[in-house]
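Asks: So here's protein_18.txt (compact mmCIF, C-alpha atoms and all ligand atoms).
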# COMPACT_ATOMS: atom_id res chain seq x y z
CA MET A 1458 12.53 15.90 44.00
CA GLN A 1459 14.81 16.32 40.97
CA ILE A 1460 13.00 16.24 37.62
CA LYS A 1461 14.96 15.25 34.51
CA GLU A 1462 14.34 17.72 31.70
CA ILE A 1463 13.58 16.51 28.17
CA THR A 1464 14.99 19.22 25.90
CA LEU A 1465 13.47 20.11 22.54
CA LYS A 1466 16.45 18.43 20.84
CA GLU A 1467 15.94 15.18 22.73
CA LEU A 1468 12.16 15.13 22.28
CA SER A 1469 10.60 12.62 19.90
CA PRO A 1470 6.95 13.72 19.77
CA GLN A 1471 5.34 10.45 18.67
CA GLY A 1472 7.42 8.43 21.12
CA PHE A 1473 6.57 10.86 23.94
CA ILE A 1474 2.84 10.71 23.13
CA GLU A 1475 2.81 6.88 23.06
CA GLU A 1476 4.76 6.65 26.31
CA LYS A 1477 2.52 9.11 28.17
CA VAL A 1478 -0.71 7.56 26.86
CA LYS A 1479 0.50 4.16 28.12
CA GLU A 1480 1.56 5.63 31.45
CA ILE A 1481 -1.81 7.32 32.05
CA ALA A 1482 -3.71 4.17 31.03
CA SER A 1483 -1.67 1.95 33.36
CA LEU A 1484 -2.00 4.31 36.34
CA VAL A 1485 -5.73 4.94 36.01
CA LYS A 1486 -6.45 1.30 35.02
CA ASP A 1487 -10.23 0.91 34.59
CA GLY A 1488 -10.99 3.90 36.81
CA LEU A 1489 -11.83 7.49 35.98
CA ALA A 1490 -9.64 10.54 35.70
CA ILE A 1491 -10.58 14.15 35.62
CA ASN A 1492 -8.93 17.25 34.25
CA ALA A 1493 -9.53 20.94 33.89
CA LEU A 1494 -9.12 22.50 30.48
CA SER A 1495 -8.33 26.20 30.26
CA GLY A 1496 -7.50 26.29 26.55
CA GLY A 1497 -3.83 27.02 27.10
CA VAL A 1498 -1.39 24.78 25.27
CA ASP A 1499 -0.48 22.80 28.42
CA SER A 1500 -3.98 21.86 29.53
CA SER A 1501 -5.02 21.24 25.90
CA VAL A 1502 -2.20 18.72 25.41
CA VAL A 1503 -3.02 17.02 28.70
CA THR A 1504 -6.67 16.76 27.63
CA MET A 1505 -5.67 15.11 24.35
CA LEU A 1506 -3.24 12.68 26.06
CA GLY A 1507 -5.85 11.77 28.65
CA PHE A 1508 -8.57 11.32 26.03
CA LYS A 1509 -6.30 9.08 23.94
CA ALA A 1510 -5.50 6.97 27.00
CA LEU A 1511 -8.94 6.80 28.59
CA GLY A 1512 -11.59 7.92 26.09
CA LYS A 1513 -14.84 8.61 27.91
CA ARG A 1514 -13.26 7.66 31.26
CA LEU A 1515 -11.62 11.08 31.15
CA LYS A 1516 -13.95 13.78 32.48
CA THR A 1517 -12.82 17.15 31.20
CA PHE A 1518 -14.19 20.31 32.78
CA PHE A 1519 -13.85 23.90 31.71
CA ILE A 1520 -14.24 26.04 34.82
CA ASN A 1521 -15.64 29.39 33.86
CA ASN A 1522 -14.05 31.50 36.59
CA GLY A 1523 -15.28 34.83 35.21
CA ILE A 1524 -11.74 36.11 34.75
CA MET A 1525 -11.04 34.74 31.27
CA ARG A 1526 -10.66 36.78 28.10
CA LYS A 1527 -13.49 37.79 25.74
CA ASP A 1528 -15.40 34.77 24.33
CA GLU A 1529 -12.69 32.40 25.59
CA PRO A 1530 -14.95 29.78 27.23
CA GLU A 1531 -17.17 29.39 24.12
CA GLN A 1532 -14.20 29.25 21.72
CA ILE A 1533 -12.37 26.53 23.63
CA VAL A 1534 -15.37 24.30 24.20
CA THR A 1535 -16.37 24.54 20.52
CA LEU A 1536 -12.86 23.65 19.40
CA PHE A 1537 -12.67 20.52 21.57
CA LYS A 1538 -16.15 19.45 20.50
CA LYS A 1539 -14.85 19.51 16.93
CA LEU A 1540 -11.97 17.26 18.02
CA GLY A 1541 -14.47 14.80 19.50
CA VAL A 1542 -13.54 15.54 23.12
CA PRO A 1543 -16.53 16.21 25.38
CA VAL A 1544 -16.04 19.13 27.77
CA GLU A 1545 -18.41 20.13 30.53
CA VAL A 1546 -18.56 23.82 31.45
CA ILE A 1547 -18.91 24.73 35.12
CA ASP A 1548 -20.09 28.24 35.85
CA ALA A 1549 -18.10 29.28 38.94
CA GLN A 1550 -17.93 33.02 38.34
CA GLY A 1551 -19.70 33.95 41.57
CA LYS A 1552 -17.41 31.77 43.69
CA PHE A 1553 -14.23 33.26 42.26
CA PHE A 1554 -15.39 36.85 42.63
CA ALA A 1555 -16.49 36.15 46.21
CA ALA A 1556 -13.05 34.66 46.99
CA LEU A 1557 -11.26 37.64 45.45
CA LYS A 1558 -13.35 40.26 47.23
CA GLY A 1559 -11.28 42.69 49.26
CA ILE A 1560 -7.90 41.12 48.41
CA THR A 1561 -5.18 43.42 47.10
CA ASP A 1562 -1.93 41.55 47.79
CA PRO A 1563 -0.64 39.73 44.65
CA GLU A 1564 0.25 36.44 46.38
CA GLU A 1565 -3.01 36.41 48.33
CA LYS A 1566 -4.89 36.86 45.06
CA ARG A 1567 -3.10 33.87 43.55
CA GLU A 1568 -3.75 31.89 46.72
CA ALA A 1569 -7.47 32.75 46.65
CA ILE A 1570 -7.75 31.54 43.06
CA THR A 1571 -5.85 28.33 43.81
CA LYS A 1572 -7.97 27.55 46.84
CA THR A 1573 -11.24 28.28 45.09
CA PHE A 1574 -10.19 26.19 42.12
CA TYR A 1575 -8.90 23.14 43.99
CA ARG A 1576 -10.64 23.15 47.33
CA ASP A 1577 -14.10 24.48 46.49
CA ILE A 1578 -14.65 23.44 42.91
CA PHE A 1579 -12.31 20.76 41.74
CA SER A 1580 -12.22 18.50 44.78
CA LYS A 1581 -16.04 18.45 44.71
CA LEU A 1582 -16.06 17.58 41.01
CA VAL A 1583 -13.52 14.81 41.64
CA LYS A 1584 -15.55 13.42 44.54
CA ASP A 1585 -18.83 13.58 42.62
CA SER A 1586 -17.24 11.96 39.56
CA LYS A 1587 -15.56 9.22 41.64
CA ALA A 1588 -12.27 9.94 39.84
CA LYS A 1589 -9.15 9.12 41.80
CA TYR A 1590 -6.77 10.88 39.46
CA LEU A 1591 -6.37 14.41 38.30
CA LEU A 1592 -4.43 15.04 35.10
CA GLN A 1593 -2.60 18.32 35.18
CA GLY A 1594 -0.44 20.32 32.75
CA THR A 1595 2.38 21.41 35.06
CA ILE A 1596 5.59 22.06 33.11
CA LEU A 1597 9.16 22.31 34.33
CA THR A 1598 9.22 26.11 34.26
CA ASP A 1599 6.23 26.25 36.66
CA VAL A 1600 8.17 24.06 39.07
CA ASP A 1601 11.37 26.14 38.78
CA GLU A 1602 9.66 29.48 39.36
CA THR A 1603 7.61 28.25 42.29
CA ILE A 1604 10.55 26.61 44.04
CA ALA A 1605 12.65 29.74 43.46
CA GLY A 1606 9.86 31.70 45.17
CA ILE A 1607 9.41 34.03 42.21
CA LYS A 1608 5.73 33.37 41.67
CA ARG A 1609 3.52 30.66 42.99
CA GLN A 1610 2.14 28.80 39.98
CA HIS A 1611 -1.28 27.48 40.90
CA ASN A 1612 -0.57 23.99 39.61
CA VAL A 1613 2.48 23.07 41.65
CA PHE A 1614 1.84 20.99 44.75
CA ILE A 1615 3.91 17.83 44.81
CA GLN A 1616 7.05 19.85 44.23
CA LEU A 1617 6.25 22.11 47.16
CA GLY A 1618 5.82 19.13 49.47
CA ILE A 1619 2.01 19.42 49.54
CA ASP A 1620 0.37 16.02 49.18
CA PRO A 1621 -2.78 16.57 47.09
CA GLN A 1622 -4.17 13.24 48.31
CA GLN A 1623 -4.07 14.54 51.85
CA ALA A 1624 -4.93 18.16 51.11
CA PHE A 1625 -7.62 17.67 48.47
CA GLY A 1626 -8.39 13.93 48.30
CA TYR A 1627 -6.95 12.94 44.93
CA LYS A 1628 -3.70 11.97 43.19
CA ILE A 1629 -2.15 14.14 40.51
CA ILE A 1630 -0.60 12.92 37.25
CA GLU A 1631 1.64 15.47 35.50
CA PRO A 1632 2.59 14.09 32.07
CA LEU A 1633 4.33 17.30 30.90
CA VAL A 1634 6.53 17.97 33.90
CA GLU A 1635 9.78 17.10 32.07
CA LEU A 1636 9.06 19.58 29.28
CA ARG A 1637 9.41 23.30 28.75
CA LYS A 1638 6.91 25.30 26.70
CA ASP A 1639 8.69 24.73 23.35
CA GLY A 1640 8.45 20.96 23.88
CA VAL A 1641 4.76 21.17 24.79
CA ARG A 1642 4.05 23.15 21.61
CA LYS A 1643 5.74 20.44 19.56
CA ILE A 1644 3.61 17.76 21.24
CA ALA A 1645 0.47 19.87 20.69
CA GLU A 1646 1.12 19.95 16.95
CA ALA A 1647 1.99 16.25 16.80
CA ILE A 1648 -1.17 15.26 18.68
CA GLY A 1649 -3.43 17.05 16.20
CA LEU A 1650 -4.28 20.32 17.92
CA PRO A 1651 -4.72 23.36 15.63
CA PRO A 1652 -2.23 26.28 15.32
CA SER A 1653 -4.55 28.48 17.41
CA ILE A 1654 -3.56 26.19 20.30
CA TYR A 1655 0.05 25.24 19.60
CA ASN A 1656 1.00 28.81 18.67
CA ARG A 1657 -1.12 30.28 21.43
CA MET A 1658 0.36 33.19 23.29
CA PRO A 1659 1.08 32.39 26.96
CA PHE A 1660 -1.71 33.36 29.34
CA PRO A 1661 -1.37 33.06 33.12
CA GLY A 1662 -3.33 30.68 35.33
CA PRO A 1663 -4.75 33.54 37.43
CA ALA A 1664 -6.02 34.92 34.08
CA LEU A 1665 -7.08 38.57 33.95
CA SER A 1666 -6.73 38.92 37.72
CA ALA A 1667 -2.94 38.93 37.13
CA ARG A 1668 -3.55 42.14 35.17
CA ILE A 1669 -5.44 44.16 37.73
CA ILE A 1670 -3.50 46.04 40.37
CA GLY A 1671 -5.48 45.99 43.60
CA GLU A 1672 -8.84 44.37 44.23
CA VAL A 1673 -10.39 42.27 41.46
CA THR A 1674 -14.07 43.03 40.86
CA PRO A 1675 -16.44 42.10 38.01
CA GLU A 1676 -16.43 45.76 36.90
CA LYS A 1677 -12.62 45.92 36.70
CA ILE A 1678 -12.49 42.57 34.86
CA LYS A 1679 -14.88 44.01 32.27
CA ILE A 1680 -12.55 46.97 31.73
CA VAL A 1681 -9.34 44.95 31.47
CA ARG A 1682 -11.05 42.32 29.28
CA LEU A 1683 -12.03 44.95 26.74
CA ALA A 1684 -8.57 46.60 26.85
CA THR A 1685 -7.02 43.13 26.40
CA ALA A 1686 -9.20 42.35 23.38
CA ILE A 1687 -8.20 45.64 21.73
CA THR A 1688 -4.52 45.09 22.57
CA GLU A 1689 -4.57 41.57 21.17
CA GLU A 1690 -6.26 42.77 17.97
CA GLU A 1691 -3.84 45.64 17.42
CA LEU A 1692 -0.64 43.75 18.29
CA SER A 1693 -1.42 40.40 16.63
CA GLY A 1694 0.84 41.40 13.72
CA SER A 1695 3.77 42.31 15.98
CA ARG A 1696 5.14 38.74 16.22
CA ALA A 1697 6.01 39.50 19.83
CA PHE A 1698 6.23 36.73 22.43
CA GLN A 1699 3.39 38.11 24.55
CA TYR A 1700 1.33 41.29 24.84
CA LEU A 1701 -1.15 42.40 27.43
CA ALA A 1702 -3.04 45.23 29.08
CA ILE A 1703 -2.96 46.05 32.77
CA LEU A 1704 -5.48 48.07 34.74
CA HIS A 1705 -3.88 50.26 37.39
CA GLN A 1706 -5.34 51.07 40.75
CA ASP A 1707 -4.35 54.73 40.90
CA ARG A 1708 -6.40 57.22 39.00
CA VAL A 1709 -4.93 60.21 37.21
CA THR A 1710 -6.31 63.54 36.17
CA GLY A 1711 -7.54 63.77 32.61
CA MET A 1712 -10.12 65.83 30.81
CA ARG A 1713 -13.18 65.01 28.79
CA GLN A 1714 -15.56 67.47 27.13
CA GLY A 1715 -13.67 70.35 28.71
CA LYS A 1716 -14.12 68.96 32.23
CA ARG A 1717 -11.69 67.42 34.68
CA ASP A 1718 -12.01 63.63 34.69
CA PHE A 1719 -10.16 61.70 37.39
CA GLY A 1720 -9.84 58.59 35.26
CA LEU A 1721 -8.34 55.13 34.84
CA GLN A 1722 -4.87 54.16 33.62
CA ILE A 1723 -4.13 51.25 31.31
CA GLU A 1724 -0.56 50.02 30.90
CA ILE A 1725 0.39 48.07 27.79
CA ARG A 1726 3.20 45.53 27.83
CA CYS A 1727 4.58 43.80 24.76
CA TRP A 1728 7.51 41.41 25.13
CA ASP A 1729 10.26 39.90 23.04
CA SER A 1730 11.37 36.66 24.64
CA THR A 1731 12.03 33.03 23.86
CA ASP A 1732 11.18 31.32 27.13
CA ALA A 1733 9.73 34.06 29.41
CA ARG A 1734 12.70 33.81 31.77
CA VAL A 1735 14.15 37.03 30.42
CA ALA A 1736 12.27 39.46 28.20
CA GLN A 1737 12.67 42.84 26.54
CA PRO A 1738 9.97 45.32 25.57
CA THR A 1739 9.25 45.10 21.83
CA ARG A 1740 10.28 48.23 19.93
CA LEU A 1741 6.82 48.79 18.52
CA PRO A 1742 6.37 51.45 15.83
CA TYR A 1743 4.96 54.66 17.26
CA GLU A 1744 1.99 54.52 14.85
CA VAL A 1745 1.00 51.14 16.32
CA LEU A 1746 1.15 52.51 19.87
CA ASP A 1747 -0.74 55.61 18.80
CA LYS A 1748 -3.62 53.62 17.27
CA LEU A 1749 -3.75 51.31 20.29
CA SER A 1750 -3.94 54.23 22.69
CA SER A 1751 -6.66 56.01 20.65
CA ARG A 1752 -8.78 52.86 20.51
CA ILE A 1753 -8.46 52.12 24.24
CA ILE A 1754 -9.32 55.69 25.17
CA SER A 1755 -12.35 55.86 22.90
CA GLU A 1756 -13.65 52.30 23.45
CA VAL A 1757 -12.96 51.64 27.14
CA ASP A 1758 -15.09 53.81 29.40
CA GLY A 1759 -13.27 55.89 31.98
CA VAL A 1760 -9.70 55.48 30.68
CA VAL A 1761 -7.74 58.74 30.41
CA SER A 1762 -4.17 57.42 30.32
CA VAL A 1763 -2.41 54.70 28.29
CA THR A 1764 1.26 53.93 28.96
CA TYR A 1765 3.77 51.52 27.42
CA ASN A 1766 6.16 49.65 29.70
CA ILE A 1767 9.79 50.01 28.62
CA ALA A 1768 11.50 48.08 31.43
CA SER A 1769 13.04 44.65 30.77
CA LYS A 1770 12.54 41.42 32.71
CA PRO A 1771 14.32 41.26 35.15
CA PRO A 1772 13.63 43.28 37.22
CA SER A 1773 10.18 43.65 35.66
CA THR A 1774 8.09 40.49 35.19
CA ILE A 1775 5.84 39.76 32.24
CA GLU A 1776 2.62 39.98 34.22
CA ALA A 1777 1.94 42.79 36.69
CA VAL A 1778 0.73 40.75 39.63
P1 LIG A 1801 6.14 36.43 34.80
O1 LIG A 1801 5.05 37.41 35.08
O2 LIG A 1801 6.53 35.60 35.98
O3 LIG A 1801 5.54 35.41 33.76
O4 LIG A 1801 7.34 37.07 34.16
C1 LIG A 1801 6.28 34.44 33.05
C2 LIG A 1801 5.34 33.71 32.13
O5 LIG A 1801 4.46 32.87 32.89
C3 LIG A 1801 3.11 33.31 32.73
N1 LIG A 1801 2.52 33.24 34.08
C4 LIG A 1801 1.79 32.20 34.53
N2 LIG A 1801 1.40 31.08 33.95
N3 LIG A 1801 0.27 30.41 35.92
C5 LIG A 1801 0.62 30.17 34.63
O6 LIG A 1801 0.23 29.14 34.10
C6 LIG A 1801 0.64 31.52 36.61
O7 LIG A 1801 0.30 31.69 37.78
C7 LIG A 1801 1.44 32.47 35.87
N4 LIG A 1801 1.98 33.65 36.18
C8 LIG A 1801 2.65 34.10 35.09
C9 LIG A 1801 3.17 34.70 32.15
O8 LIG A 1801 2.02 35.02 31.38
C10 LIG A 1801 4.43 34.62 31.33
O9 LIG A 1801 4.22 34.04 30.07
I'd like the structure from this file rewritten - as C-alpha cells, please.
Replies:
Amino acid sequence: MQIKEITLKELSPQGFIEEKVKEIASLVKDGLAINALSGGVDSSVVTMLGFKALGKRLKTFFINNGIMRKDEPEQIVTLFKKLGVPVEVIDAQGKFFAALKGITDPEEKREAITKTFYRDIFSKLVKDSKAKYLLQGTILTDVDETIAGIKRQHNVFIQLGIDPQQAFGYKIIEPLVELRKDGVRKIAEAIGLPPSIYNRMPFPGPALSARIIGEVTPEKIKIVRLATAITEEELSGSRAFQYLAILHQDRVTGMRQGKRDFGLQIEIRCWDSTDARVAQPTRLPYEVLDKLSSRIISEVDGVVSVTYNIASKPPSTIEAV
C-alpha cells in the first residue's frame, strides 16, 4: 500500500486536526475506541485527536512496562490529567520482564515486547472495554524503516500485511501515517500540547530495552535508567537531536579501592540529525564528557568504563539494539 506523504510545507495544522477529528468520529460512530499513551509526541497527538473526536468514548491507557525512564509514567499521567484527558495506568511490569527473560537477540527482544503489548495486554483491554477501534501513532518513517527491514517498529502491522482484526481482534486507525516527525511536532503544538511534548527528544518504542545489549532484566534496567537520567541531565544543554546511554554486556577490568573490579561498561551516544535517517556524533566539549563520565562512575554502581560513540549513522544506528 502506497501512502501519500504530507510534507511540513504542505501541512496546515488546523485543517489537518479538523479533518482527522472528523475522520475518527465518523469511523468510530457511537462506539468506543482505545489507545495507548506512552508520552512520546506521536501517541500524545493521537490521544488529543481521539479525545477531541470522542471525548469520554476514548479509553486511554498508559501501560507501565517497567522499561520506561525515571519517573516517566507519573509525569505523563499528571500532564494529561491537567489537559483534562483521563488516563488509566496498567501495571504490566511483571509480564514484560517475564517475556524478555532469556532473550538476547535484538529482533527477538522487539518481537517479545510487541507480542506482550498487543497480544497479552492490549487485546485484553480492547475486549474488556468493548472497543472496536485502536488509535495508533504510526508515522511514515516507522513504515519506511519496517518495510526496508532495517528495524521492526512495534506499531506497524497493516503495512506488513498483518491484519490486526484477524491477529488481535480489533481495527487500527492511524491518523498520523502521512506525516513525518516534524509534521507531528507541528500538530502537537497546534493542538495545545506543551513544549515538553512537542520538543520531546525521540525515544524508542522498546524503551530502555533498546539500550541494553543482551538479556533485559530488572537489575539491568535499573542501571541503564540511572545512567540515562544522568546523561539526559548533563546533555540537555547540548541542543543535540538525541542522546542516550547504553549498557554493554561485556565486562571489563577496572579497579576500585586498590582492588581489581571486573565491572560494567556504559556507552554514551549523542547525535546531530534532522530526521534520524542519517546522524553524526555531536562534537561535545571534552569537559562535558568528562563530567558525564565522572558522574556515571560515581553514581551508578558497578560501572568502571564510560565510552563515547564516534561512528556516524550509517553504518551505526541511533539505538544500540
Ligand atoms: P535507529 O536506531 O533505527 O533509530 O537509528 C532511529 C530513530 O527511531 C527511534 N527508534 C524507534 N522508535 N519504535 C519507535 O517508536 C522503535 O522500535 C524504535 N527504534 C528506534 C530511535 O530512538 C531514533 O530516534
Asks: Smallest atom-to-atom distance to ligand LIG 1801 (chain A): which of A:Arg1567, A:Lys1572, A:Lys1527, A:Lys1643, using all atoms listed in the file?
Replies: A:Arg1567
Asks: Which residues are near ligand LIG 1801 (chain A) - at most 9 Å, using only C-alpha atoms and all ligand atoms? Format: as an NGL selection string.
Replies: :A and (1497 or 1499 or 1567 or 1594-1596 or 1598-1599 or 1602 or 1607-1612 or 1658-1664 or 1667 or 1698-1699 or 1701 or 1732-1736 or 1770-1771 or 1773-1778)
Asks: CA of Glu1689 in chain A and CA of Pro1742 in chain A, how far apart in Å?
Replies: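 Value for the CA of Pro1742 in chain A-CA of Glu1689 in chain A distance: 15.7 Å.
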Asks: If I take CA of Val1641 in chain A and CA of Thr1731 in chain A, how far is one from the other in Å, to one decimal?
Replies: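 Interatomic distance here is 13.9 Å.
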Asks: Using only C-alpha atoms, pick whichever of A:Leu1582, A:Leu1633, A:Val1498, A:Ile1680 has the shortest atom-to-atom distance to Asn1656 in chain A.
Replies: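 Looking only at the distances to Asn1656 in chain A, the closest residue turns out to be A:Val1498.
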Asks: Identify the residues within 12 Å of coordinate (9.1, 11.1, 17.8) (same frame as the file), considering all atoms listed in the file, and give the answer as a PyMOL selection string.
Replies: chain A and resi 1465-1476+1640+1643-1644+1646-1648
Asks: Ile1725 in chain A: which residues within 10 Å, counting only C-alpha atoms, same-chain residues fewer than 3 positions away excluded, as JSON, numbers by chain?
Replies: {"A": [1684, 1685, 1688, 1700, 1701, 1702, 1703, 1704, 1722, 1746, 1749, 1750, 1763, 1764, 1765, 1766, 1767]}
Asks: Mind listing whatever residues come within 8 Å of the point (-10.2, 20.7, 17.1)? Use all atoms listed in the file, file coordinates, and give them as a VMD selection string.
Replies: chain A and resid 1536 to 1541 1649 to 1651
Asks: Go through A:Glu1531, A:Asp1729, A:Arg1642, A:Asp1487 and flag the residue nearest Ile1654 in chain A, using only C-alpha atoms for the distances.
Replies: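 For Ile1654 in chain A, the nearest of the given residues is A:Arg1642.
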Asks: Rounded to one decimal, what separation in Å do you get between CA of Gln1623 in chain A and CA of Tyr1590 in chain A?
Replies: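 Separating CA of Gln1623 in chain A from CA of Tyr1590 in chain A is a distance of 13.2 Å.
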Asks: Got a sec: who's within 10 Å of range 1550-1552 of chain A, counting all atoms listed in the file, leaving out chain neighbours fewer than 6 positions off, as a tab-separated table (two decimals) with C-alpha atoms, in the frame of the given file?
Replies:
chain	number	residue	atom	x	y	z
A	1520	ILE	CA	-14.24	26.04	34.82
A	1521	ASN	CA	-15.64	29.39	33.86
A	1522	ASN	CA	-14.05	31.50	36.59
A	1523	GLY	CA	-15.28	34.83	35.21
A	1524	ILE	CA	-11.74	36.11	34.75
A	1570	ILE	CA	-7.75	31.54	43.06
A	1573	THR	CA	-11.24	28.28	45.09
A	1574	PHE	CA	-10.19	26.19	42.12
A	1577	ASP	CA	-14.10	24.48	46.49
A	1578	ILE	CA	-14.65	23.44	42.91
A	1675	PRO	CA	-16.44	42.10	38.01
